[in-house]
file run13.cif (mmCIF, C-alpha atoms)
data_upload
loop_
_atom_site.label_atom_id
_atom_site.label_comp_id
_atom_site.auth_asym_id
_atom_site.auth_seq_id
_atom_site.Cartn_x
_atom_site.Cartn_y
_atom_site.Cartn_z
CA MET A 1 -3.98 83.92 146.64
CA LYS A 2 -1.01 83.41 148.89
CA THR A 3 -0.86 84.81 152.42
CA ARG A 4 2.08 86.92 151.25
CA ASP A 5 -0.10 88.66 148.66
CA LEU A 6 -2.73 89.19 151.36
CA ALA A 7 -0.13 90.84 153.62
CA TYR A 8 1.06 93.12 150.78
CA ILE A 9 -2.54 94.13 150.04
CA ALA A 10 -3.18 94.92 153.71
CA LEU A 11 0.11 96.81 153.86
CA PHE A 12 -0.76 99.13 150.97
CA ALA A 13 -4.26 99.71 152.32
CA ALA A 14 -2.54 100.86 155.52
CA ILE A 15 -0.07 103.02 153.53
CA ILE A 16 -2.91 104.87 151.80
CA ALA A 17 -4.48 105.41 155.22
CA VAL A 18 -1.26 106.80 156.73
CA LEU A 19 -0.69 109.11 153.74
CA GLY A 20 -4.08 110.62 154.60
CA THR A 21 -2.67 111.87 157.90
CA LEU A 22 -0.08 114.03 156.14
CA PRO A 23 -1.15 117.68 156.19
CA ALA A 24 -3.44 118.45 153.24
CA ILE A 25 -3.30 121.63 151.17
CA ASN A 26 -6.72 123.26 151.03
CA VAL A 27 -7.89 124.61 147.70
CA GLY A 28 -11.63 125.12 147.78
CA PRO A 29 -13.99 122.26 148.60
CA VAL A 30 -11.73 119.28 147.82
CA PRO A 31 -8.27 119.27 149.44
CA ILE A 32 -5.06 118.25 147.67
CA THR A 33 -3.90 115.18 149.59
CA ALA A 34 -1.15 112.63 149.45
CA GLN A 35 -3.65 109.77 149.25
CA THR A 36 -3.67 109.52 145.46
CA LEU A 37 0.10 109.11 145.81
CA GLY A 38 -0.72 105.94 147.76
CA VAL A 39 -3.08 104.81 145.00
CA MET A 40 -0.33 105.30 142.38
CA LEU A 41 2.19 103.47 144.60
CA ALA A 42 -0.19 100.53 145.12
CA GLY A 43 -0.47 100.06 141.36
CA SER A 44 3.15 100.62 140.47
CA VAL A 45 4.65 98.52 143.30
CA LEU A 46 2.13 95.66 143.59
CA GLY A 47 0.86 95.38 140.01
CA ALA A 48 -2.71 95.36 138.70
CA ARG A 49 -4.44 92.63 140.73
CA ARG A 50 -2.94 93.27 144.14
CA GLY A 51 -2.94 97.04 143.66
CA PHE A 52 -6.63 96.98 142.82
CA LEU A 53 -7.41 94.84 145.86
CA ALA A 54 -5.29 97.04 148.16
CA VAL A 55 -7.23 100.17 147.22
CA LEU A 56 -10.51 98.27 147.46
CA LEU A 57 -9.54 97.11 150.96
CA PHE A 58 -8.75 100.70 151.93
CA LEU A 59 -12.21 101.80 150.75
CA VAL A 60 -13.77 98.95 152.77
CA LEU A 61 -11.92 100.22 155.86
CA VAL A 62 -13.31 103.71 155.23
CA ALA A 63 -16.81 102.34 154.65
CA VAL A 64 -16.89 100.32 157.88
CA GLY A 65 -16.42 103.54 159.82
CA LEU A 66 -12.74 104.43 160.20
CA PRO A 67 -11.89 108.11 159.66
CA LEU A 68 -9.07 107.38 157.22
CA LEU A 69 -9.77 109.86 154.43
CA ALA A 70 -7.52 112.91 154.34
CA SER A 71 -10.11 115.26 155.82
CA GLY A 72 -10.66 112.89 158.75
CA ALA A 73 -13.86 111.80 157.07
CA GLY A 74 -14.95 108.19 157.21
CA GLY A 75 -17.95 105.93 157.31
CA LEU A 76 -20.43 105.75 154.51
CA ALA A 77 -20.92 109.51 154.13
CA PRO A 78 -18.04 110.10 151.66
CA PHE A 79 -19.47 107.45 149.31
CA ALA A 80 -22.68 109.46 148.94
CA GLY A 81 -21.12 112.92 148.61
CA ALA A 82 -20.29 114.94 145.54
CA SER A 83 -16.66 113.76 145.47
CA ALA A 84 -17.66 110.07 145.73
CA GLY A 85 -16.72 109.46 142.10
CA TYR A 86 -13.07 110.04 142.89
CA LEU A 87 -13.20 107.33 145.56
CA TYR A 88 -14.83 104.86 143.17
CA SER A 89 -12.21 105.61 140.54
CA TRP A 90 -9.25 104.81 142.82
CA PRO A 91 -9.28 100.99 142.53
CA VAL A 92 -9.65 101.30 138.74
CA ALA A 93 -6.75 103.75 138.66
CA ALA A 94 -4.54 101.36 140.67
CA ALA A 95 -5.48 98.50 138.34
CA VAL A 96 -4.68 100.50 135.18
CA ILE A 97 -1.37 101.72 136.63
CA GLY A 98 -0.51 98.19 137.72
CA TRP A 99 -1.35 96.74 134.32
CA LEU A 100 0.73 99.32 132.46
CA THR A 101 3.61 98.91 134.94
CA GLU A 102 3.61 95.15 134.42
CA ARG A 103 3.68 95.69 130.62
CA THR A 104 6.66 98.09 130.86
CA TRP A 105 8.42 96.22 133.69
CA GLY A 106 11.52 95.34 131.67
CA ARG A 107 12.31 98.96 130.79
CA TYR A 108 10.67 100.72 133.76
CA ASN A 109 12.30 103.99 134.79
CA VAL A 110 11.21 107.32 136.24
CA VAL A 111 10.07 108.72 132.87
CA VAL A 112 8.05 105.65 131.86
CA GLY A 113 6.66 105.41 135.38
CA THR A 114 5.56 109.04 135.40
CA LEU A 115 3.73 108.54 132.08
CA VAL A 116 2.05 105.39 133.41
CA ASN A 117 0.94 107.23 136.56
CA VAL A 118 -0.39 110.14 134.51
CA VAL A 119 -2.52 107.81 132.39
CA GLY A 120 -3.82 105.70 135.29
CA GLY A 121 -3.67 108.15 138.15
CA ILE A 122 -4.85 111.34 136.49
CA ILE A 123 -6.83 110.53 133.34
CA VAL A 124 -8.72 107.55 134.80
CA ILE A 125 -9.52 109.32 138.09
CA TYR A 126 -10.97 112.41 136.40
CA ALA A 127 -12.77 110.35 133.74
CA VAL A 128 -14.80 108.82 136.60
CA GLY A 129 -14.71 111.61 139.17
CA VAL A 130 -15.80 114.58 137.09
CA PRO A 131 -18.98 113.02 135.57
CA VAL A 132 -20.08 111.83 139.05
CA LEU A 133 -19.39 115.29 140.47
CA LYS A 134 -21.44 116.82 137.65
CA ALA A 135 -24.35 114.42 138.22
CA VAL A 136 -24.47 114.53 142.03
CA ALA A 137 -23.85 118.25 142.39
CA GLY A 138 -25.86 119.18 139.28
CA LEU A 139 -23.08 121.38 137.87
CA SER A 140 -22.40 122.30 134.27
CA TRP A 141 -19.51 120.56 132.48
CA HIS A 142 -17.53 123.78 132.59
CA THR A 143 -17.80 124.29 136.37
CA ALA A 144 -17.36 120.58 137.09
CA LEU A 145 -14.17 120.43 135.06
CA TRP A 146 -12.85 123.63 136.57
CA SER A 147 -13.60 122.95 140.26
CA GLY A 148 -13.17 119.17 140.04
CA ALA A 149 -10.08 118.72 137.90
CA ALA A 150 -8.11 121.75 136.74
CA VAL A 151 -6.97 122.92 140.20
CA PHE A 152 -5.57 119.49 141.05
CA VAL A 153 -3.62 118.68 137.91
CA PRO A 154 -0.35 120.46 138.88
CA GLY A 155 -0.26 118.63 142.23
CA ASP A 156 -1.15 115.36 140.51
CA LEU A 157 1.75 115.75 138.07
CA VAL A 158 4.14 116.15 141.02
CA LYS A 159 2.61 113.06 142.68
CA ALA A 160 2.89 111.03 139.45
CA PHE A 161 6.60 111.84 139.31
CA VAL A 162 7.23 111.17 143.02
CA ALA A 163 5.36 107.84 142.87
CA ALA A 164 7.38 106.79 139.81
CA ALA A 165 10.67 107.74 141.51
CA ILE A 166 9.74 105.72 144.62
CA ALA A 167 8.49 102.77 142.56
CA ASP A 168 11.75 102.77 140.61
CA VAL A 169 13.82 102.59 143.83
CA VAL A 170 11.61 99.78 145.17
CA ARG A 171 11.80 97.96 141.81
CA ARG A 172 15.58 97.90 141.98
CA SER A 173 15.89 97.01 145.70
CA TYR A 174 12.83 94.88 146.52
CA PRO A 175 10.80 94.01 143.41
CA VAL A 176 7.32 92.67 144.17
CA ILE A 177 5.95 92.42 140.62
CA GLU A 178 6.95 89.11 139.06
CA ARG A 179 9.25 89.05 136.07
CA PRO A 180 7.56 88.65 132.66
CA ARG A 181 6.61 85.06 131.88
CA ARG A 182 9.38 84.56 129.29
CA ALA A 183 12.08 85.19 131.90
CA VAL A 184 10.39 82.86 134.39
CA GLY A 185 10.24 80.10 131.77
CA ALA A 186 13.90 80.57 130.91
CA ARG A 187 15.04 79.94 134.46
CA MET B 1 -4.28 105.44 168.34
CA THR B 2 -8.06 105.46 168.62
CA LEU B 3 -9.61 105.29 165.21
CA ALA B 4 -13.29 104.49 165.18
CA LEU B 5 -16.11 106.98 164.77
CA TYR B 6 -18.31 104.71 166.92
CA VAL B 7 -20.17 106.40 169.79
CA PRO B 8 -21.25 103.87 172.45
CA ARG B 9 -24.82 104.32 173.74
CA ALA B 10 -27.52 101.93 174.95
CA SER B 11 -30.16 102.72 172.35
CA ALA B 12 -32.50 100.86 170.03
CA VAL B 13 -30.61 102.18 167.01
CA HIS B 14 -27.35 100.78 168.37
CA ARG B 15 -28.96 97.38 168.92
CA LEU B 16 -30.34 97.06 165.37
CA PRO B 17 -28.38 94.59 163.22
CA ALA B 18 -25.71 96.36 161.16
CA GLY B 19 -26.97 94.81 157.92
CA LEU B 20 -30.47 96.21 158.50
CA LYS B 21 -29.10 99.72 159.12
CA LEU B 22 -27.11 99.57 155.88
CA LEU B 23 -30.22 98.43 154.02
CA CYS B 24 -32.22 101.38 155.44
CA LEU B 25 -29.47 103.72 154.27
CA ALA B 26 -29.59 102.33 150.74
CA VAL B 27 -33.41 102.61 150.66
CA LEU B 28 -33.21 106.22 151.86
CA ALA B 29 -30.70 107.09 149.12
CA VAL B 30 -32.93 105.62 146.41
CA ALA B 31 -36.06 107.28 147.86
CA LEU B 32 -34.43 110.71 147.97
CA PHE B 33 -33.68 110.58 144.26
CA ALA B 34 -37.06 109.01 143.40
CA LEU B 35 -39.04 111.75 145.21
CA PRO B 36 -37.44 114.93 143.90
CA THR B 37 -39.28 117.52 146.00
CA ILE B 38 -37.78 119.81 148.58
CA THR B 39 -40.43 118.87 151.17
CA ALA B 40 -39.49 115.17 150.88
CA ALA B 41 -35.83 116.03 151.39
CA GLY B 42 -36.68 118.28 154.35
CA ALA B 43 -38.83 115.60 155.96
CA ALA B 44 -36.05 113.03 155.45
CA LEU B 45 -33.53 115.37 157.07
CA ALA B 46 -35.85 115.91 160.06
CA GLY B 47 -36.32 112.15 160.33
CA VAL B 48 -32.56 111.47 160.22
CA LEU B 49 -31.92 114.13 162.89
CA ALA B 50 -34.71 112.71 165.09
CA VAL B 51 -33.30 109.18 164.83
CA GLY B 52 -29.71 110.32 165.37
CA LEU B 53 -30.13 112.85 168.16
CA LEU B 54 -33.29 111.69 169.99
CA VAL B 55 -33.45 107.92 169.53
CA ALA B 56 -29.72 107.11 169.34
CA ARG B 57 -28.82 110.07 171.64
CA LEU B 58 -25.68 110.92 169.65
CA PRO B 59 -23.88 114.12 170.63
CA VAL B 60 -24.64 117.00 168.25
CA ALA B 61 -20.87 117.40 167.73
CA VAL B 62 -20.60 114.00 165.99
CA LEU B 63 -23.12 114.97 163.32
CA ALA B 64 -21.86 118.54 163.17
CA ARG B 65 -18.36 117.31 162.32
CA GLN B 66 -19.64 115.37 159.31
CA ALA B 67 -21.75 118.35 158.23
CA ARG B 68 -18.73 120.62 158.57
CA ALA B 69 -16.72 118.30 156.30
CA VAL B 70 -19.14 118.99 153.44
CA ARG B 71 -19.99 122.63 154.24
CA TRP B 72 -17.98 124.12 151.34
CA TRP B 73 -19.62 121.71 148.92
CA LEU B 74 -23.07 122.70 150.12
CA LEU B 75 -22.21 126.39 149.84
CA ALA B 76 -20.70 125.94 146.37
CA LEU B 77 -23.80 124.00 145.27
CA LEU B 78 -26.11 126.77 146.48
CA VAL B 79 -24.08 129.51 144.80
CA VAL B 80 -23.66 127.68 141.49
CA HIS B 81 -27.36 126.79 141.32
CA ALA B 82 -28.43 130.30 142.31
CA LEU B 83 -26.37 131.59 139.38
CA THR B 84 -27.30 128.98 136.75
CA THR B 85 -30.82 127.73 137.64
CA ASP B 86 -32.57 129.05 140.73
CA LEU B 87 -32.04 129.16 144.47
CA LEU B 88 -34.79 126.64 145.27
CA THR B 89 -33.19 123.88 143.16
CA GLY B 90 -29.87 124.66 144.80
CA ALA B 91 -31.40 124.40 148.26
CA HIS B 92 -33.03 121.09 147.32
CA VAL B 93 -29.83 119.53 145.96
CA ALA B 94 -27.84 120.74 148.98
CA LEU B 95 -30.50 119.48 151.41
CA ARG B 96 -30.52 116.05 149.75
CA LEU B 97 -26.76 115.78 149.97
CA LEU B 98 -26.71 116.87 153.63
CA THR B 99 -29.44 114.33 154.49
CA LEU B 100 -27.52 111.44 152.93
CA VAL B 101 -24.25 112.46 154.59
CA LEU B 102 -25.90 112.74 158.02
CA ALA B 103 -27.80 109.44 157.60
CA ALA B 104 -24.52 107.70 156.79
CA ALA B 105 -22.92 109.37 159.81
CA VAL B 106 -25.71 108.06 162.07
CA VAL B 107 -25.20 104.49 160.81
CA THR B 108 -21.45 104.78 161.29
CA ALA B 109 -21.68 106.25 164.80
CA THR B 110 -24.11 103.58 166.01
CA THR B 111 -22.34 100.52 164.60
CA ARG B 112 -19.11 98.96 165.88
CA VAL B 113 -16.29 98.41 163.36
CA SER B 114 -16.29 94.70 164.28
CA GLU B 115 -20.00 94.45 163.36
CA MET B 116 -19.33 96.17 160.03
CA VAL B 117 -16.48 93.74 159.36
CA ALA B 118 -18.88 90.88 160.11
CA VAL B 119 -21.32 92.34 157.56
CA VAL B 120 -18.49 92.59 155.01
CA GLU B 121 -17.66 88.91 155.62
CA THR B 122 -21.33 87.96 155.21
CA VAL B 123 -21.66 90.01 152.02
CA CYS B 124 -18.51 88.32 150.71
CA ALA B 125 -19.96 84.84 151.32
CA PRO B 126 -21.41 84.43 147.78
CA LEU B 127 -17.95 85.32 146.41
CA ARG B 128 -16.89 81.87 147.66
CA LEU B 129 -18.10 80.66 144.26
CA VAL B 130 -15.36 82.63 142.51
CA GLY B 131 -12.72 81.53 145.01
CA VAL B 132 -12.79 84.35 147.59
CA ARG B 133 -12.63 83.12 151.16
CA PRO B 134 -14.59 85.49 153.46
CA ALA B 135 -12.32 84.68 156.41
CA ARG B 136 -9.33 85.87 154.35
CA VAL B 137 -11.10 89.17 153.74
CA GLY B 138 -11.51 89.52 157.50
CA LEU B 139 -7.84 88.66 157.99
CA ALA B 140 -6.79 91.33 155.45
CA ILE B 141 -8.86 93.96 157.29
CA THR B 142 -7.32 93.00 160.64
CA LEU B 143 -3.80 93.05 159.16
CA ALA B 144 -4.31 96.50 157.62
CA LEU B 145 -5.54 97.91 160.92
CA ARG B 146 -2.47 96.54 162.70
CA PHE B 147 -0.12 97.89 160.01
CA ILE B 148 -1.30 101.50 160.36
CA PRO B 149 0.41 102.24 163.73
CA VAL B 150 3.44 100.17 162.67
CA LEU B 151 3.86 102.34 159.56
CA THR B 152 3.73 105.65 161.46
CA GLU B 153 6.27 104.28 163.94
CA ARG B 154 8.68 103.12 161.20
CA ALA B 155 8.32 106.43 159.33
CA ASP B 156 9.17 108.34 162.53
CA ARG B 157 12.22 106.12 163.02
CA ILE B 158 13.49 106.80 159.47
CA ARG B 159 12.97 110.54 159.92
CA ALA B 160 14.84 110.43 163.27
CA ALA B 161 17.70 108.51 161.64
CA GLN B 162 17.94 111.06 158.83
CA ALA B 163 17.85 113.96 161.29
CA ALA B 164 20.61 112.30 163.34
CA ARG B 165 22.81 112.29 160.21
CA GLY B 166 22.15 115.99 159.77
CA GLY B 167 19.84 115.90 156.79
CA SER B 168 16.11 116.36 157.08
CA PRO B 169 14.81 117.24 153.62
CA ARG B 170 11.53 119.10 153.24
CA GLY B 171 8.68 119.17 150.76
CA VAL B 172 8.52 116.81 147.81
CA ARG B 173 12.08 115.52 148.38
CA ALA B 174 11.10 114.47 151.91
CA LEU B 175 8.32 112.29 150.49
CA ARG B 176 10.79 110.53 148.21
CA THR B 177 13.63 110.07 150.68
CA THR B 178 11.33 108.86 153.46
CA ILE B 179 8.83 106.72 151.59
CA ALA B 180 11.24 104.73 149.41
CA PRO B 181 13.28 103.22 152.29
CA LEU B 182 10.09 102.88 154.33
CA LEU B 183 8.45 100.84 151.57
CA VAL B 184 11.42 98.47 151.28
CA GLN B 185 11.42 97.96 155.07
CA VAL B 186 7.70 97.34 155.40
CA LEU B 187 7.50 95.08 152.33
CA GLN B 188 10.07 92.85 154.04
CA MET B 189 8.07 93.07 157.27
CA ALA B 190 4.84 92.11 155.47
CA HIS B 191 6.63 89.13 153.95
CA ASP B 192 7.83 88.02 157.41
CA VAL B 193 4.32 88.41 158.82
CA SER B 194 2.87 86.28 156.01
CA GLU B 195 5.44 83.52 156.66
CA ALA B 196 4.60 83.61 160.37
CA LEU B 197 0.90 83.34 159.51
CA ASP B 198 1.51 80.44 157.14
CA ALA B 199 3.62 78.68 159.77
CA ARG B 200 0.58 78.88 162.04
CA GLY B 201 -1.71 77.42 159.39
CA ALA B 202 -3.28 80.56 157.90
CA ASP B 203 -3.09 79.16 154.37
CA VAL B 204 -5.08 76.04 155.24
CA GLU B 205 -8.78 76.08 154.47
CA PRO B 206 -10.65 74.99 157.62
CA PRO B 207 -12.67 71.78 157.13
CA ARG B 208 -16.22 72.32 155.92
CA ALA B 209 -17.90 69.80 158.26
CA ALA B 210 -16.92 68.63 161.72
CA TRP B 211 -14.83 65.49 161.82
CA ARG B 212 -16.95 62.59 162.98
CA ARG B 213 -15.78 59.30 164.44
CA SER B 214 -17.71 56.28 163.17
#
call {"tool": "encode", "arguments": {"input": "run13.cif", "output": "structure tokens"}}
result
Amino acid sequence: MKTRDLAYIALFAAIIAVLGTLPAINVGPVPITAQTLGVMLAGSVLGARRGFLAVLLFLVLVAVGLPLLASGAGGLAPFAGASAGYLYSWPVAAAVIGWLTERTWGRYNVVVGTLVNVVGGIIVIYAVGVPVLKAVAGLSWHTALWSGAAVFVPGDLVKAFVAAAIADVVRRSYPVIERPRRAVGAR
Amino acid sequence: MTLALYVPRASAVHRLPAGLKLLCLAVLAVALFALPTITAAGAALAGVLAVGLLVARLPVAVLARQARAVRWWLLALLVVHALTTDLLTGAHVALRLLTLVLAAAVVTATTRVSEMVAVVETVCAPLRLVGVRPARVGLAITLALRFIPVLTERADRIRAAQAARGGSPRGVRALRTTIAPLLVQVLQMAHDVSEALDARGADVEPPRAAWRRS
């Protein structure tokens, strides 16, 4: 791994941290935050490998005791709580988004990007987060789905669109993801 | 920008090696799920409070803040369990969660970030076999910490520039119009930083053994 990739990874870990300082909207126990926007951006700007590592690095920063999560929480406590599953799902989400973005790189636009972010940033996150919530909190599937997913989906759709719009601007002005191999070979 | 949740004190808990504290935390988590009785959870909570408040002499506010962060969860757990199973189970599950959260808070408040980073580097050592260099992991952590204040400063500058031109969008549009130019700026900055690091030899693996004249 080049030092440049390392710097990009550190940069996106920092971006996710800064997005956590934006004011959160409180709806019940888990707040709607801008941090999943950072997760989507990490995947769709850096690609699968670096996006995954950036989110992982952010979680390491949280785990070593920095209060970087949106609620000002930090340390090891969030990794044991009922919403821990969402945290564990973030690197996977960034990797899935990155992989899909790399596959669609040649025809990436806001619509494709939004779809990619919905698959990786919404479906993957709830596929991991809701079962963990159900197990740790001992809820029924119905309550877990309702309190752990349904309230957040409208906000997540907005974030998926915003992340795609930003990623599209960055793609056209400062692309970080490499071109597909065919194009590289043709040069 | 002061970040850490570390509370400096001269106590035995503070002096324990960070790795040992993390191990204790993991053992506690396993034990709490292996002994599913409310008395075990209550005893564990009392133990965690004794270690945190009496031995490590942490301010009550530090632990209270972490407890407050999960208070709605605990309440929701109690209510849902009271409705679906019974109140005792709800109290047990909530107590277990609170104990784990507070134990983690005690470890975090008694351990410096630099010590935790050292543990991360040690834990990463076996990953050498698959090509991960622990020192690079440490470098990435340091870089990210330095980038956080830089990012807030650059974002403020972009917002000021937009306000000076008369347009300061709000809501979702503000996210788009601020973050996109910010990302392009900081990606260039990160690239410059990486070139500066490489120019100073950051991409060179340090020699394994000391050079010996013979």
call {"tool": "resolve_selection", "arguments": {"input": "run13.cif", "expression": "the PyMOL selection byres ((chain B) within 7 of (chain A))", "output": "PyMOL selection string"}}
result
chain B and resi 3-5+72-73+77+97+100-101+104-105+108+113+116-117+140-141+143-145+147-148+152+176+180+184+187+190-191+194+198+203
call {"tool": "resolve_selection", "arguments": {"input": "run13.cif", "expression": "the PyMOL selection byres ((chain B and resi 22) around 12)", "output": "MDAnalysis selection string"}}
result
(chainID A and resid 63:64 75:77) or (chainID B and resid 13 16:21 23:29 103:108 110:111 115:116 119:120 123)
call {"tool": "atom_distance", "arguments": {"input": "run13.cif", "atom1": "atom CA of A:Thr36", "atom2": "atom CA of A:Val151"}}
result
14.8 Å
call {"tool": "atom_distance", "arguments": {"input": "run13.cif", "atom1": "atom CA of A:Val132", "atom2": "atom CA of A:Gly85"}}
result
5.1 Å
call {"tool": "atom_distance", "arguments": {"input": "run13.cif", "atom1": "atom CA of B:Ala82", "atom2": "atom CA of B:Phe33"}}
result
20.5 Å
call {"tool": "closest_residue", "arguments": {"input": "run13.cif", "among": "A:Ser44, A:Asn109, A:Val130, A:Ile122", "to": "A:Ala95", "atoms": "only C-alpha atoms"}}
result
A:Ser44
call {"tool": "residues_around", "arguments": {"input": "run13.cif", "residues": "stretch 86-96 of chain B", "least_positions_apart": "3", "cutoff": "8 Å", "atoms": "only C-alpha atoms", "output": "list of chain:residue names"}}
result
A:Ala137, A:Gly138, B:Leu32, B:Thr37, B:Ile38, B:Ala41, B:Gly42, B:Leu45, B:Leu74, B:Leu77, B:Leu78, B:Val79, B:Val80, B:His81, B:Ala82, B:Leu83, B:Thr99, B:Leu100
call {"tool": "closest_residue", "arguments": {"input": "run13.cif", "among": "B:Val48, B:Leu183, B:Ala34, B:Ala118", "to": "A:Leu46", "atoms": "only C-alpha atoms"}}
result
B:Leu183
call {"tool": "axis_aligned_box", "arguments": {"input": "run13.cif", "around": "stretch 21-28 of chain B", "padding_each_side": "6 Å", "output": "JSON"}}
result
{"center_x": -30.3, "center_y": 102.3, "center_z": 154.9, "size_x": 18.3, "size_y": 19.8, "size_z": 20.5}
call {"tool": "residues_around", "arguments": {"input": "run13.cif", "residues": "stretch 97-106 of chain A", "least_positions_apart": "4", "cutoff": "8 Å", "atoms": "only C-alpha atoms", "output": "tab-separated table (two decimals) with C-alpha atoms, in the coordinates of the input"}}
result
chain	number	residue	atom	x	y	z
A	40	MET	CA	-0.33	105.30	142.38
A	42	ALA	CA	-0.19	100.53	145.12
A	43	GLY	CA	-0.47	100.06	141.36
A	44	SER	CA	3.15	100.62	140.47
A	45	VAL	CA	4.65	98.52	143.30
A	46	LEU	CA	2.13	95.66	143.59
A	47	GLY	CA	0.86	95.38	140.01
A	48	ALA	CA	-2.71	95.36	138.70
A	49	ARG	CA	-4.44	92.63	140.73
A	51	GLY	CA	-2.94	97.04	143.66
A	93	ALA	CA	-6.75	103.75	138.66
A	112	VAL	CA	8.05	105.65	131.86
A	113	GLY	CA	6.66	105.41	135.38
A	116	VAL	CA	2.05	105.39	133.41
A	117	ASN	CA	0.94	107.23	136.56
A	119	VAL	CA	-2.52	107.81	132.39
A	120	GLY	CA	-3.82	105.70	135.29
A	121	GLY	CA	-3.67	108.15	138.15
A	177	ILE	CA	5.95	92.42	140.62
A	179	ARG	CA	9.25	89.05	136.07
A	180	PRO	CA	7.56	88.65	132.66
call {"tool": "decode", "arguments": {"input": "run13.cif", "residues": "stretch 99-118 of chain A", "atoms": "N, CA and C atoms", "output": "mmCIF file, in the first residue's frame"}}
result
data_model
loop_
_atom_site.group_PDB
_atom_site.id
_atom_site.type_symbol
_atom_site.label_atom_id
_atom_site.label_comp_id
_atom_site.auth_asym_id
_atom_site.auth_seq_id
_atom_site.Cartn_x
_atom_site.Cartn_y
_atom_site.Cartn_z
ATOM 1 N N TRP A 99 -17.136 -1.584 -3.983
ATOM 2 C CA TRP A 99 -17.061 -2.610 -5.019
ATOM 3 C C TRP A 99 -18.029 -2.298 -6.144
ATOM 4 N N LEU A 100 -19.284 -1.960 -5.766
ATOM 5 C CA LEU A 100 -20.289 -1.666 -6.792
ATOM 6 C C LEU A 100 -19.908 -0.403 -7.576
ATOM 7 N N THR A 101 -19.346 0.603 -6.871
ATOM 8 C CA THR A 101 -18.947 1.830 -7.556
ATOM 9 C C THR A 101 -17.850 1.545 -8.567
ATOM 10 N N GLU A 102 -16.885 0.695 -8.178
ATOM 11 C CA GLU A 102 -15.813 0.355 -9.115
ATOM 12 C C GLU A 102 -16.382 -0.347 -10.346
ATOM 13 N N ARG A 103 -17.393 -1.246 -10.130
ATOM 14 C CA ARG A 103 -17.991 -1.974 -11.254
ATOM 15 C C ARG A 103 -18.733 -1.035 -12.204
ATOM 16 N N THR A 104 -19.341 0.041 -11.656
ATOM 17 C CA THR A 104 -20.155 0.932 -12.491
ATOM 18 C C THR A 104 -19.399 2.213 -12.831
ATOM 19 N N TRP A 105 -18.077 2.222 -12.628
ATOM 20 C CA TRP A 105 -17.297 3.461 -12.714
ATOM 21 C C TRP A 105 -17.442 4.164 -14.067
ATOM 22 N N GLY A 106 -17.482 3.364 -15.154
ATOM 23 C CA GLY A 106 -17.542 3.958 -16.475
ATOM 24 C C GLY A 106 -18.824 4.726 -16.750
ATOM 25 N N ARG A 107 -19.925 4.306 -16.132
ATOM 26 C CA ARG A 107 -21.210 4.995 -16.379
ATOM 27 C C ARG A 107 -21.797 5.496 -15.075
ATOM 28 N N TYR A 108 -20.925 5.912 -14.126
ATOM 29 C CA TYR A 108 -21.393 6.392 -12.826
ATOM 30 C C TYR A 108 -22.087 7.730 -12.990
ATOM 31 N N ASN A 109 -23.284 7.859 -12.420
ATOM 32 C CA ASN A 109 -23.932 9.168 -12.317
ATOM 33 C C ASN A 109 -24.755 9.178 -11.035
ATOM 34 N N VAL A 110 -25.515 10.250 -10.840
ATOM 35 C CA VAL A 110 -26.213 10.397 -9.557
ATOM 36 C C VAL A 110 -27.214 9.259 -9.338
ATOM 37 N N VAL A 111 -27.904 8.830 -10.409
ATOM 38 C CA VAL A 111 -28.922 7.784 -10.259
ATOM 39 C C VAL A 111 -28.269 6.453 -9.904
ATOM 40 N N VAL A 112 -27.241 6.063 -10.699
ATOM 41 C CA VAL A 112 -26.534 4.813 -10.413
ATOM 42 C C VAL A 112 -25.941 4.862 -9.006
ATOM 43 N N GLY A 113 -25.323 6.000 -8.674
ATOM 44 C CA GLY A 113 -24.696 6.149 -7.372
ATOM 45 C C GLY A 113 -25.688 6.009 -6.235
ATOM 46 N N THR A 114 -26.873 6.610 -6.406
ATOM 47 C CA THR A 114 -27.887 6.499 -5.354
ATOM 48 C C THR A 114 -28.285 5.042 -5.155
ATOM 49 N N LEU A 115 -28.475 4.309 -6.268
ATOM 50 C CA LEU A 115 -28.833 2.887 -6.156
ATOM 51 C C LEU A 115 -27.745 2.109 -5.436
ATOM 52 N N VAL A 116 -26.487 2.371 -5.817
ATOM 53 C CA VAL A 116 -25.350 1.690 -5.180
ATOM 54 C C VAL A 116 -25.365 1.971 -3.676
ATOM 55 N N ASN A 117 -25.573 3.230 -3.306
ATOM 56 C CA ASN A 117 -25.554 3.593 -1.886
ATOM 57 C C ASN A 117 -26.727 2.988 -1.132
ATOM 58 N N VAL A 118 -27.865 2.817 -1.820
ATOM 59 C CA VAL A 118 -29.012 2.191 -1.160
ATOM 60 C C VAL A 118 -28.693 0.726 -0.855
#
